[in-house]
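Quick look at data-v7.csv (CSV, C-alpha atoms):
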chain,number,residue,atom,x,y,z
A,241,MET,CA,11.4,-48.7,-45.9
A,242,THR,CA,14.9,-47.4,-46.7
A,243,GLU,CA,15.2,-45.0,-43.7
A,244,GLN,CA,16.1,-46.1,-40.2
A,245,LEU,CA,13.2,-47.3,-38.2
A,246,ARG,CA,12.4,-45.4,-35.0
A,247,LEU,CA,10.7,-46.5,-31.8
A,248,MET,CA,9.6,-44.3,-28.9
A,249,ALA,CA,8.7,-45.8,-25.5
A,250,VAL,CA,6.9,-43.4,-23.1
A,251,HIS,CA,7.3,-44.2,-19.4
A,252,ALA,CA,6.4,-42.6,-16.1
A,253,HIS,CA,9.5,-43.0,-14.0
A,254,PRO,CA,13.1,-44.2,-14.3
A,255,ASP,CA,13.0,-48.0,-13.9
A,256,ASP,CA,9.6,-48.4,-15.7
A,257,GLU,CA,11.4,-48.8,-19.0
A,258,SER,CA,13.4,-51.7,-17.6
A,259,SER,CA,10.3,-53.6,-16.4
A,260,LYS,CA,8.0,-53.0,-19.4
A,261,GLY,CA,9.1,-53.8,-22.9
A,262,ALA,CA,12.8,-53.6,-22.1
A,263,ALA,CA,13.8,-56.8,-23.9
A,264,ALA,CA,11.9,-55.8,-27.0
A,265,MET,CA,13.6,-52.4,-27.0
A,266,ALA,CA,17.1,-54.0,-26.6
A,267,MET,CA,16.3,-56.4,-29.4
A,268,TYR,CA,15.2,-53.7,-31.8
A,269,SER,CA,18.2,-51.6,-30.8
A,270,ALA,CA,20.5,-54.5,-31.6
A,271,GLU,CA,18.8,-54.8,-35.0
A,272,GLY,CA,19.6,-51.1,-35.8
A,273,VAL,CA,16.3,-49.5,-34.8
A,274,ASP,CA,16.8,-46.1,-33.2
A,275,VAL,CA,15.0,-46.4,-29.8
A,276,LEU,CA,14.2,-43.4,-27.6
A,277,VAL,CA,12.9,-43.8,-24.0
A,278,VAL,CA,10.9,-40.9,-22.8
A,279,THR,CA,10.7,-40.6,-19.0
A,280,CYS,CA,8.0,-38.2,-17.8
A,281,THR,CA,9.2,-37.7,-14.2
A,282,GLY,CA,12.4,-38.0,-12.2
A,283,GLY,CA,11.0,-40.5,-9.7
A,284,GLU,CA,11.7,-37.9,-6.9
A,285,ARG,CA,9.0,-39.3,-4.6
A,286,GLY,CA,9.8,-42.9,-5.2
A,287,SER,CA,10.6,-45.2,-2.3
A,288,VAL,CA,13.9,-47.0,-1.7
A,289,LEU,CA,12.7,-50.6,-2.4
A,290,ASN,CA,16.0,-52.3,-2.0
A,291,PRO,CA,16.7,-52.9,1.7
A,292,LYS,CA,20.4,-52.9,1.1
A,293,LEU,CA,20.2,-49.3,0.1
A,294,ASP,CA,17.6,-48.1,2.6
A,295,ARG,CA,20.0,-45.5,4.2
A,296,PRO,CA,19.6,-41.8,5.0
A,297,GLU,CA,22.2,-40.6,2.5
A,298,VAL,CA,20.3,-42.5,-0.3
A,299,TRP,CA,17.0,-41.0,0.6
A,300,GLU,CA,18.6,-37.5,0.7
A,301,ASN,CA,20.0,-37.8,-2.8
A,302,ILE,CA,17.3,-40.0,-4.4
A,303,ALA,CA,16.7,-37.8,-7.4
A,304,GLU,CA,20.4,-37.7,-8.4
A,305,ILE,CA,20.8,-41.4,-7.7
A,306,ARG,CA,17.8,-42.3,-9.9
A,307,ARG,CA,19.2,-40.2,-12.8
A,308,ALA,CA,22.5,-42.1,-12.6
A,309,GLU,CA,20.6,-45.4,-12.5
A,310,MET,CA,18.7,-44.4,-15.6
A,311,ASP,CA,22.0,-43.6,-17.4
A,312,ARG,CA,23.3,-47.1,-16.6
A,313,ALA,CA,20.1,-48.8,-17.7
A,314,ARG,CA,20.0,-46.8,-20.9
A,315,GLU,CA,23.5,-48.0,-21.7
A,316,ILE,CA,22.7,-51.6,-21.0
A,317,LEU,CA,19.6,-51.6,-23.3
A,318,GLY,CA,21.4,-49.7,-26.0
A,319,VAL,CA,18.8,-46.9,-26.2
A,320,ARG,CA,18.6,-43.2,-26.0
A,321,GLN,CA,16.6,-41.4,-23.3
A,322,ALA,CA,15.0,-38.0,-22.7
A,323,TRP,CA,13.4,-36.5,-19.6
A,324,LEU,CA,10.1,-34.5,-19.9
A,325,GLY,CA,10.9,-32.9,-16.5
A,326,PHE,CA,7.6,-33.4,-14.6
A,327,VAL,CA,7.6,-33.9,-10.9
A,328,ASP,CA,6.8,-37.4,-9.5
A,329,SER,CA,3.4,-37.6,-7.8
A,330,GLY,CA,4.2,-40.3,-5.4
A,331,LEU,CA,1.8,-43.2,-4.8
A,332,PRO,CA,-0.9,-42.1,-2.4
A,333,GLU,CA,-1.9,-44.6,0.2
A,334,GLY,CA,-4.7,-44.8,2.8
A,335,ASP,CA,-8.4,-44.8,3.0
A,336,PRO,CA,-9.5,-42.2,2.0
A,337,LEU,CA,-6.5,-41.5,-0.3
A,338,PRO,CA,-4.7,-38.3,0.5
A,339,PRO,CA,-4.6,-35.5,-2.1
A,340,LEU,CA,-1.7,-35.5,-4.6
A,341,PRO,CA,1.0,-32.9,-3.9
A,342,GLU,CA,0.7,-29.6,-5.5
A,343,GLY,CA,2.5,-29.2,-8.8
A,344,CYS,CA,3.0,-32.9,-9.4
A,345,PHE,CA,2.6,-34.7,-12.8
A,346,GLY,CA,-0.6,-36.4,-11.8
A,347,LEU,CA,-2.4,-33.1,-11.4
A,348,MET,CA,-1.3,-31.6,-14.7
A,349,ASP,CA,-3.8,-30.7,-17.4
A,350,PRO,CA,-3.1,-33.4,-20.1
A,351,GLU,CA,-3.4,-30.9,-22.9
A,352,VAL,CA,-0.7,-28.8,-21.3
A,353,ALA,CA,1.5,-31.6,-20.2
A,354,ALA,CA,1.4,-33.2,-23.7
A,355,GLU,CA,3.2,-30.3,-25.4
A,356,PRO,CA,6.8,-31.3,-24.5
A,357,LEU,CA,6.0,-34.9,-25.7
A,358,VAL,CA,4.6,-33.5,-28.9
A,359,LYS,CA,7.8,-31.6,-29.4
A,360,LEU,CA,9.9,-34.8,-28.9
A,361,ILE,CA,7.7,-36.7,-31.3
A,362,ARG,CA,8.2,-34.1,-33.9
A,363,GLU,CA,11.9,-34.0,-33.4
A,364,PHE,CA,12.5,-37.7,-33.1
A,365,LYS,CA,9.9,-38.7,-35.7
A,366,PRO,CA,9.1,-42.2,-34.4
A,367,HIS,CA,7.3,-44.7,-36.6
A,368,VAL,CA,6.0,-46.6,-33.5
A,369,ILE,CA,5.1,-45.4,-30.0
A,370,THR,CA,4.5,-47.6,-26.9
A,371,THR,CA,2.8,-46.4,-23.7
A,372,TYR,CA,0.5,-47.5,-21.0
A,373,ASP,CA,-3.2,-48.4,-21.2
A,374,GLU,CA,-6.0,-46.4,-19.7
A,375,ASN,CA,-5.4,-47.9,-16.3
A,376,GLY,CA,-1.7,-46.9,-16.4
A,377,GLY,CA,-0.7,-50.6,-16.4
A,378,TYR,CA,-1.5,-50.2,-12.7
A,379,PRO,CA,-3.3,-47.3,-11.1
A,380,HIS,CA,-0.4,-45.1,-10.2
A,381,PRO,CA,-1.4,-41.4,-10.9
A,382,ASP,CA,1.8,-40.9,-12.9
A,383,HIS,CA,1.1,-43.9,-15.0
A,384,VAL,CA,-2.4,-42.9,-15.7
A,385,MET,CA,-1.2,-39.4,-16.7
A,386,THR,CA,1.5,-40.9,-18.9
A,387,HIS,CA,-1.3,-42.7,-20.8
A,388,LYS,CA,-3.3,-39.5,-21.1
A,389,ILE,CA,-0.5,-37.3,-22.5
A,390,SER,CA,0.6,-40.1,-24.9
A,391,MET,CA,-2.9,-40.3,-26.4
A,392,VAL,CA,-3.1,-36.5,-26.8
A,393,ALA,CA,0.4,-36.3,-28.2
A,394,PHE,CA,0.0,-39.2,-30.7
A,395,ASP,CA,-3.0,-37.5,-32.2
A,396,ALA,CA,-1.7,-33.9,-32.0
A,397,ALA,CA,1.8,-34.4,-33.4
A,398,ALA,CA,0.5,-34.6,-37.0
A,399,ASP,CA,-1.8,-31.7,-36.7
A,400,PRO,CA,-0.2,-28.4,-37.7
A,401,GLU,CA,-2.8,-26.4,-35.9
A,402,ARG,CA,-2.1,-27.9,-32.5
A,403,TYR,CA,1.0,-26.9,-30.6
A,404,PRO,CA,2.4,-24.8,-33.5
A,405,GLU,CA,5.4,-23.8,-31.4
A,406,ALA,CA,6.4,-27.5,-31.0
A,407,GLY,CA,7.9,-28.0,-34.4
A,408,ALA,CA,6.9,-29.4,-37.8
A,409,PRO,CA,4.1,-32.0,-37.8
A,410,TRP,CA,4.9,-35.7,-37.8
A,411,GLN,CA,2.5,-38.7,-38.0
A,412,PRO,CA,3.5,-41.7,-36.0
A,413,LEU,CA,2.3,-44.8,-37.7
A,414,LYS,CA,1.4,-47.2,-34.8
A,415,LEU,CA,0.5,-46.9,-31.1
A,416,TYR,CA,0.8,-49.8,-28.7
A,417,TYR,CA,0.0,-50.4,-25.0
A,418,ASN,CA,2.5,-52.4,-22.9
A,419,MET,CA,0.7,-55.5,-21.7
A,420,GLY,CA,2.3,-56.8,-18.6
A,421,TRP,CA,1.9,-59.6,-16.1
A,422,SER,CA,-1.2,-61.7,-17.1
A,423,MET,CA,-2.7,-64.3,-14.8
A,424,LYS,CA,-1.9,-66.9,-17.4
A,425,ARG,CA,1.8,-66.0,-17.4
A,426,MET,CA,2.0,-65.8,-13.6
A,427,THR,CA,0.2,-69.1,-13.2
A,428,MET,CA,2.4,-70.8,-15.8
A,429,PHE,CA,5.6,-69.7,-14.0
A,430,HIS,CA,4.1,-70.5,-10.6
A,431,GLU,CA,3.3,-74.1,-11.5
A,432,ALA,CA,6.6,-74.6,-13.3
A,433,MET,CA,8.6,-73.3,-10.2
A,434,LEU,CA,6.6,-75.6,-7.9
A,435,GLU,CA,7.4,-78.5,-10.1
A,436,LEU,CA,11.0,-77.6,-10.4
A,437,THR,CA,11.8,-76.5,-6.9
A,438,GLY,CA,8.8,-77.0,-4.7
A,439,GLU,CA,8.6,-73.2,-4.2
A,440,SER,CA,7.3,-70.3,-6.2
A,441,PRO,CA,7.9,-66.5,-5.9
A,442,TYR,CA,4.3,-66.0,-7.0
A,443,THR,CA,2.5,-67.9,-4.2
A,444,GLU,CA,1.6,-64.9,-2.1
A,445,TRP,CA,0.9,-62.6,-5.1
A,446,LEU,CA,-1.5,-65.1,-6.7
A,447,LYS,CA,-3.2,-65.7,-3.3
A,448,GLU,CA,-3.7,-62.0,-2.8
A,449,MET,CA,-5.1,-61.5,-6.3
A,450,GLN,CA,-7.5,-64.4,-5.8
A,451,GLU,CA,-8.6,-62.9,-2.5
A,452,ARG,CA,-9.1,-59.5,-4.1
A,453,ARG,CA,-11.2,-61.0,-6.9
A,454,GLU,CA,-13.3,-62.9,-4.4
A,455,ALA,CA,-13.8,-59.8,-2.2
A,456,ARG,CA,-14.8,-57.8,-5.3
A,457,ALA,CA,-17.1,-60.5,-6.8
A,458,GLY,CA,-20.2,-58.8,-8.2
A,459,GLN,CA,-18.8,-55.3,-7.9
A,460,ASP,CA,-18.4,-53.2,-11.0
A,461,ASP,CA,-16.8,-50.0,-9.9
A,462,GLY,CA,-13.8,-49.9,-12.2
A,463,GLN,CA,-11.3,-50.8,-9.5
A,464,GLU,CA,-10.5,-54.3,-10.6
A,465,TRP,CA,-7.3,-54.6,-12.7
A,466,PRO,CA,-8.3,-56.3,-16.0
A,467,ASP,CA,-6.3,-59.3,-17.1
A,468,PRO,CA,-4.1,-57.9,-19.9
A,469,ASP,CA,-3.8,-61.3,-21.6
A,470,LYS,CA,-7.2,-60.9,-23.2
A,471,ARG,CA,-6.0,-57.7,-24.9
A,472,VAL,CA,-2.7,-58.8,-26.4
A,473,THR,CA,-2.5,-58.4,-30.2
A,474,THR,CA,1.3,-58.5,-30.6
A,475,LYS,CA,3.8,-60.9,-29.1
A,476,VAL,CA,7.4,-59.9,-29.8
A,477,PRO,CA,9.9,-62.9,-29.5
A,478,CYS,CA,12.8,-61.3,-27.6
A,479,GLY,CA,13.8,-64.0,-25.1
A,480,ASP,CA,17.5,-63.7,-26.1
A,481,PHE,CA,17.4,-60.2,-24.6
A,482,PHE,CA,15.8,-61.1,-21.2
A,483,GLU,CA,19.3,-61.0,-19.6
A,484,ALA,CA,19.8,-57.4,-20.8
A,485,ARG,CA,16.3,-56.6,-19.5
A,486,ASP,CA,17.2,-58.0,-16.1
A,487,ASP,CA,20.6,-56.3,-16.0
A,488,ALA,CA,18.9,-53.0,-16.8
A,489,LEU,CA,16.4,-53.5,-14.1
A,490,ARG,CA,19.2,-54.3,-11.6
A,491,ALA,CA,20.8,-51.0,-12.6
A,492,HIS,CA,17.9,-49.3,-10.9
A,493,ALA,CA,19.4,-50.5,-7.6
A,494,THR,CA,17.3,-48.3,-5.3
A,495,GLN,CA,14.1,-49.7,-6.8
A,496,VAL,CA,14.8,-53.4,-7.1
A,497,ASP,CA,16.2,-56.0,-4.7
A,498,PRO,CA,18.6,-58.1,-6.8
A,499,ASP,CA,17.7,-61.1,-4.6
A,500,GLY,CA,13.9,-60.4,-4.8
A,501,PHE,CA,10.8,-61.3,-6.5
A,502,TRP,CA,11.6,-59.9,-10.0
A,503,PHE,CA,14.4,-62.5,-10.5
A,504,GLY,CA,12.8,-65.5,-8.9
A,505,VAL,CA,12.3,-67.5,-12.1
A,506,PRO,CA,15.4,-68.7,-14.0
A,507,LEU,CA,16.0,-67.1,-17.3
A,508,ASP,CA,16.1,-70.3,-19.2
A,509,LEU,CA,12.7,-71.3,-17.9
A,510,GLN,CA,11.2,-67.9,-18.8
A,511,GLN,CA,12.7,-68.2,-22.3
A,512,LYS,CA,11.2,-71.7,-22.7
A,513,LEU,CA,7.7,-70.9,-21.3
A,514,TRP,CA,7.1,-67.3,-22.3
A,515,PRO,CA,9.8,-66.0,-24.7
A,516,THR,CA,7.9,-62.8,-25.7
A,517,GLU,CA,7.0,-59.4,-24.5
A,518,ASP,CA,3.4,-58.5,-25.2
A,519,PHE,CA,1.6,-55.5,-26.5
A,520,GLU,CA,-1.8,-54.3,-27.6
A,521,LEU,CA,-2.1,-52.5,-31.0
A,522,VAL,CA,-4.3,-49.5,-30.4
A,523,LYS,CA,-3.9,-47.3,-33.4
A,524,SER,CA,-2.4,-47.9,-36.8
A,525,PHE,CA,-2.0,-45.9,-40.0
A,526,VAL,CA,-0.6,-48.9,-41.9
A,527,ASP,CA,-2.1,-52.2,-43.0
A,528,THR,CA,-1.4,-55.0,-40.6
A,529,THR,CA,-3.0,-58.2,-39.5
A,530,THR,CA,-3.2,-59.4,-35.9
A,531,PRO,CA,-1.9,-61.3,-34.2
A,532,GLU,CA,1.5,-59.8,-34.9
A,533,ASP,CA,5.1,-60.7,-33.9
A,534,ASP,CA,6.7,-57.3,-34.7
A,535,LEU,CA,5.9,-53.8,-33.6
A,536,PHE,CA,6.9,-52.7,-37.1
A,537,ALA,CA,4.6,-55.0,-38.9
A,538,GLY,CA,3.2,-53.1,-41.9
A,539,VAL,CA,5.9,-50.4,-41.4
A,540,ARG,CA,9.0,-52.1,-42.7
Target encoding structure tokens, full file:
Amino acid sequence: MTEQLRLMAVHAHPDDESSKGAAAMAMYSAEGVDVLVVTCTGGERGSVLNPKLDRPEVWENIAEIRRAEMDRAREILGVRQAWLGFVDSGLPEGDPLPPLPEGCFGLMDPEVAAEPLVKLIREFKPHVITTYDENGGYPHPDHVMTHKISMVAFDAAADPERYPEAGAPWQPLKLYYNMGWSMKRMTMFHEAMLELTGESPYTEWLKEMQERREARAGQDDGQEWPDPDKRVTTKVPCGDFFEARDDALRAHATQVDPDGFWFGVPLDLQQKLWPTEDFELVKSFVDTTTPEDDLFAGVR
């Protein structure tokens, strides 16, 4: 292709873009690809997860603070960013789960909520779109809704009879799901850290996951998180941009403890053991062969 390649990454909240596919986005941006992050909500109902910032004045201004954090992360990754303007649903907790708050993103009709995303697709004209799988990557209502509107918008953007007020039709060529933390990856890092230091940031997490699997053995009610490693079609080698990824994640200071879990494995060890970010190719209008190492395979 002679025109500039364009990549759109659709995410639920500010900070999601920096923990899912961020290094790949930074790499493509550095190569000259035009990258647009779409953020569905403002993260208004998010928690303050960094104990150093757990203060009343932070909670009172969380929406404004998270927008400023997003601006900084966008600059670090070298991407553009657009807000869809929906209201964060929060993460319901309890048994039974409480109802979602009225007017939130998670309660929207996907056909209605997809229209502003269709409009952005038709304006930006991405060749490739990334989003979440049917489980939302993890079962947060905003992540699941992000998946739903992405699927509607990908199909509708090229149809002139759908959303006629949203601009001229555009056909994106490929759709991917972000594939995150697989058991294989966590176990590999866990064992390497034990060998290197005698301690691992994944000890408790792996223990909890194993206990959850044992407790759910034999049950098939759709509640178990599937292992994404079995679905990966595309491994993008972007280890040189892991530092930018981590810097962008730290920019979301209310959401990430800089001394916490996310940064427990040294970058050089990550680059040695798992130097890729992983995706699942879901739809393609170009010829390509999996496994791939490039989101633009068949497009270039």
Subject >> Proximity to Glu333 (chain A) - best of A:Pro296, A:Pro291, A:Pro379, A:Gly504, only C-alpha atoms >> reply: A:Pro379
Subject >> Exercise: Ala252 (chain A) partners within 7 Å, all atoms listed in the file, chain neighbours under 2 positions left out, as a PyMOL selection string >> reply: chain A and resi 256+279-281+382-383+386
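Proximity to Trp323 (chain A) was assessed for A:Asp497, A:Asp311, A:Glu374, A:Asp294 counting only C-alpha atoms; the smallest distance is recorded for A:Asp311.
Residues in contact with Pro477 (chain A) at 8 Å, where all atoms listed in the file are counted and same-chain residues fewer than 6 positions away are skipped, are listed as Ala264, Pro515, Thr516, Glu517 and Asp533 of chain A.
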Subject >> CA of Arg314 (chain A) to CA of Cys478 (chain A), straight-line distance in Å >> reply: 17.5 Å
Subject >> Shell of 8 Å around Asp518 (chain A), all atoms listed in the file, local chain residues under 2 positions omitted, as a PyMOL selection string >> reply: chain A and resi 261+418-420+472-476+516+520
**OP:** Would you list the residues near (10.1, -40.9, -4.5), meaning any protein, DNA or RNA residue with an atom at most 8 Å from that point in file coordinates, counting only C-alpha atoms, as number ranges by chain?
**Re:** A: 283-288, 302-303, 328, 330
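A straight line drawn from CA of Leu347 (chain A) to CA of Met248 (chain A) is 24.0 Å long.
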**OP:** Would you mind reading off the distance between CA of Val505 (chain A) and CA of Glu439 (chain A), one decimal, in Å?
**Re:** 10.4 Å
Might you pull out every residue within 9 Å of Pro409 (chain A), with only C-alpha atoms counted and same-chain residues fewer than 3 positions away left off, and present them as an mmCIF file with C-alpha atoms, keeping the file's coordinate frame?
data_model
loop_
_atom_site.group_PDB
_atom_site.id
_atom_site.type_symbol
_atom_site.label_atom_id
_atom_site.label_comp_id
_atom_site.auth_asym_id
_atom_site.auth_seq_id
_atom_site.Cartn_x
_atom_site.Cartn_y
_atom_site.Cartn_z
ATOM 1 C CA ILE A 361 7.700 -36.700 -31.300
ATOM 2 C CA ARG A 362 8.200 -34.100 -33.900
ATOM 3 C CA ALA A 396 -1.700 -33.900 -32.000
ATOM 4 C CA ALA A 397 1.800 -34.400 -33.400
ATOM 5 C CA ALA A 398 0.500 -34.600 -37.000
ATOM 6 C CA ASP A 399 -1.800 -31.700 -36.700
ATOM 7 C CA PRO A 400 -0.200 -28.400 -37.700
ATOM 8 C CA PRO A 404 2.400 -24.800 -33.500
ATOM 9 C CA ALA A 406 6.400 -27.500 -31.000
#
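Shell of region 370-372 of chain A at 6 Å, with only C-alpha atoms counted and residues fewer than 6 places along the chain excluded, is A:Ala249, A:Val250, A:His387, A:Leu415, A:Tyr416, A:Tyr417, A:Asn418.
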Subject >> Residue nearest Pro381 (chain A) among A:Pro498, A:Pro366, A:Gly334, A:Pro341 (counting all atoms listed in the file) >> reply: A:Pro341
